[in-house]
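A.B. asks: Can you read through this structure? Questions will come right after.
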Amino acid sequence: MSEIESVLHENRSFEPPTAFRETASINDLETYREMHRRSIEEPEDFWGEVARELPWIEPFESVLDWSEKPVAKWFGGGKLNASAVCLDQHLTTERRDKVAILFEGEPGDVKSYTYAEAHAEVCRMANALAERGVKRGDRVAIYMPMIPELAFALLACARLGAIHSVIFGGFSATAIRDRVADGGCTAVITADGGWRRGKVLELKKVVDEALAGIDSVHTVFVVKRTNNEVAWDERRDVDLLAAMAGASAERAPEAMDAEDTLFLLYTSGSTGKPKGIRHTTGGYLVGTYLTSKYVFDLKEDDVYWCTADIGWITGHSYIVYGPLANGATCVMYEGAPNAPHPGRFWELVEKHRVSVLYTAPTAIRAFMRWGDEHVTRFDRSSLRLLGTVGEPINPKAWMWYREVVGEGRCPIVDTWWQTETGAIMITPLPGAVSTKPGSACLPFFGVDAAVVDEDGTELGANQGGLLCVRKPWPSMLRGIWGDDERYRETYWSRFGGKYYFAGDGARRDEDGYFWIMGRVDDVLNVSGHRLSTMEIESALVSHPGVVEAAVVPRPDDLTGEAVAAFVTASPGCEPGDAFADELREHVAKEIGKLARPADIHFADALPKTRSGKIMRRLLRDVAAGREVLQDTTTLEDRSVLDRLSAEGK
Ligand code: 7RM
């Protein structure tokens with residue numbers, strides 16, 4: 001009964017391209033398998049060796065302590081500093097003068113920082129923060145646009161041993177206030193504004209509103225980016241760039257315990273107040289370091305671009321900590337993918353000769369919709385590897401990414417992980433593992449993942465169930481800030497403390513490949529058959545007339561639940577009854593009559609979170625004709641939902 005029926009069929013498979021394999025650091029399946037086996041059977045040896053590749057201030061005495069399960073301790077006794085791992089270690093090597101951050105602003109201003117320059121900026125910023133009393137253990141909220149100072153802010157906090165709590169620059173004053181209060185933050189780093197689609201996003205103004213009446217924050221550090229007028233509280237506000245100009249470019253990194261908290265990052269669960277996910281220093285760095293090295297197969301001359309905002313975990317792990325720990329050159333872009341034109345990303349790829357690109361399915365589907373010509377008019381010959389993260393990627397979008405963006409030349413790494421896992425968990429290694437469109441493929445080193453039923457019994461090939469992890473891994477969350485009980489309850493109670501479970505459904509195919517089926521809260525039940533919304537969406541999107549689809553259950557007297565689909569049609573496709581019928585038949589043919597949508601709603605856009613994930617829980621209300629009374633604070637564009645609700649009336 002507890003099984004999720006899998007109905008999606010996808011038989012294509014692509015071997016790692018020979019040219020890629022030639023230089024890849026892991027370039028055959030046997031090596032991957034052997035390393036994975038060892039990482040599971042001898043985790044302490046495996047992770048001890050990896051960890052020793054990082055510069056420790058004092059060596060660790062033990063590798064793993066799981067005695068206070070479910071709170072793991074990794075690298076006990078070891079001391080290190082995250083900013084020294086990312087910067088200082090490279091200063092005595094040739095990487096000293098290598099570009100660390102290659103920034104382009106939305107208006108087209110370009111600025112790059114070598115490792116030596118980034119180190120100086122981070123030291124200056126740390127000194128400016130310390131001057132105003134920021135110290136080890138303090139919590140510092142960061143609310144900034146995607147400019148280099150944002151990356152420096154994370155590293156400056158880390159240098160001092162202060163705990164950063166980045167709040168995505170699109171969040172409201174209320175969201176900031178809640179997070180500042182929950183974390184007990186005593187300082188905030190922000191900017192006057194940031195550029196977004198030709199307009200100034202007035203960040204300082206939002207911070208002022210958020211902090212009205214809060215007196216726990218002693219200082220607001222402001223980076224002047226857009227030079228818009230801002231209110232100024234002489235006692236509280238500090239011009240950060242001016243303070244940095246007068247500060248020393250040297251600052252010794254604080255020696256942090258491996259288990260000292262590096263940062264908090266809030267994620268909104270489906271219910272209740274946002275959870276401050278707590279990551280610590282040693283394990284998080286080891287995890288992000290190793291995944292960056294192997295999943296992106298980083299080479300000395302790569303130009304690596306992760307398009308996420310640093311306000312999300314993807315930006316923390318794969319713009320800042322992981323790539324910098326590897327000494328990579330990272331592109332950072334301030335603006336939107338379609339401003340001032342829909343080819344902006346590809347223009348940047350051409351201009352900066354990007355070789356490794358990591359983005360999200362939602363962006364890929366948007367580019368498909370805007371038209372191939374915006375991609376193909378730019379030179380993409382520098383690209384050698386493509387990655388995706390954030391949502392299941394439907395095979396059609398995967399194939400488009402491969403053929404149109406990557407010209408059939410680049411492997412694709414579909415990486416499954418979560419804010420809570422800190423680092424990539426399930427992914428192909430691009431030189432070693434054949435990929436299948438829509439599959440995140442195989443577990444990374446140290447990840448003992450399984451698909452189980454409600455009782456925790458492992459399911460057989462192609463049986464859909466709950467995705468869980470059976471062993472601790474270095475970059476796992478250590479808890480929820482201020483609420484240890486909620487940590488146990490949310491992630492460990494489902495299987496009586498035996499496994500970590502964070503809410504996704506999946507199946508494993510006959511080759512052991514994982515196919516993520518979306519959040520289990522999204523599963524629908526038609527006449528007793530439990531179906532994954534993602535598989536029906538994928539079938540819809542495989543029709544040439546569909547760009548994007550969201551499927552949710554709608555109460556039905558006869559079948560319990562009926563399939564309701566929200567569909568964004570391709571340009572030139574006429575939404576209407578005839579097209580809806582064609583789509584119903586298409587789904588019936590692709591995956592069976594059971595999954596045939598009862599309702600099809602055409603939409604010019606779907607409601608998404610600010611990180612690009614479709615918010616199905618809101619669509620459930622729309623599908624049932626109910627007013628949406630749920631929390632919508634993480635919604636990117638409220639008007640999308642309002643239009644859909646209005647049409648339903
Ligand atoms: C990195 C990130 C986590 C949730 C996760 C999944 C979904 C992420 C994939 C994916 C299918 C993927 N952190 N998810 N990556 N689903 N394939 N490759 O996104 O905390 O913001 O979200 O995102 O449901 O549980 S997150």
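Identifiers in the structure tokens: chain A, B, ... in order shown; residue index from 1 per chain; ligand index from 1 in order shown.
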Hey, which residues sit close to ligand 1? Say within 9 Å, counting only C-alpha atoms and all ligand atoms, and write them as an MDAnalysis selection string.

C.D. replies: chainID A and resid 267 312:314 360:361 388:393 413:424 426:427 438:440 502:505 515:520 611 613

A.B. asks: Among stretch 54-172 of chain A, which residues does DSSP mark as helix (DSSP H, G or I) when it is run on the backbone? Keep the chain and numbering as in the structure and answer as number ranges by chain.

C.D. replies: A: 82-86, 88-90, 94-97, 115-131, 148-160

A.B. asks: Could you check the closest approach to A:Gly482 for each of A:Val303, A:Gly184, A:Met615, A:Asn127 and tell me which residue wins, using only C-alpha atoms?

C.D. replies: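 Among A:Val303, A:Gly184, A:Met615, A:Asn127, it is A:Gly184 that comes nearest to A:Gly482.
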
A.B. asks: Between A:His543, A:Arg488, A:His9, A:Lys111, which one has atoms that come closest to A:Glu334, using only C-alpha atoms?

C.D. replies: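 Smallest separation from A:Glu334 among the options: A:Lys111.
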
A.B. asks: Using only C-alpha atoms, which of A:Glu202, A:Gly193, A:Thr329, A:Met146 sits nearest A:Asp97?

C.D. replies: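 Under the stated criterion, the closest residue is A:Thr329.
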
A.B. asks: As a VMD selection string, please: the residues near A:Glu3 (cut-off 8 Å, only C-alpha atoms, same-chain neighbours under 3 positions excluded).

C.D. replies: chain A and resid 453 463 to 465 530

A.B. asks: Which residues of stretch 58-128 of chain A sit at most 6 Å from stretch 243-254 of chain A, using only C-alpha atoms? Give each one's shortest atom pair and distance in Å (one decimal place), in chain and ascending residue order, as a Markdown table.

C.D. replies:
```
| residue | atom | partner | partner_atom | distance |
| --- | --- | --- | --- | --- |
| A:Ala120 | CA | A:Ala249 | CA | 4.7 |
| A:Cys123 | CA | A:Arg251 | CA | 5.2 |
| A:Arg124 | CA | A:Ala249 | CA | 4.9 |
| A:Met125 | CA | A:Met244 | CA | 5.5 |
| A:Ala128 | CA | A:Ala243 | CA | 5.7 |
```

A.B. asks: Between atom CA of A:Leu594 and atom CA of A:Ile614, measure the distance and give it in Å to one decimal.

C.D. replies: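 Taking atom CA of A:Leu594 and atom CA of A:Ile614, their separation equals 23.2 Å.
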
A.B. asks: With only C-alpha atoms as the basis for distance, which of A:Val356, A:Leu298, A:Ala82, A:Val188 is at the shortest distance from A:Glu259?

C.D. replies: A:Ala82
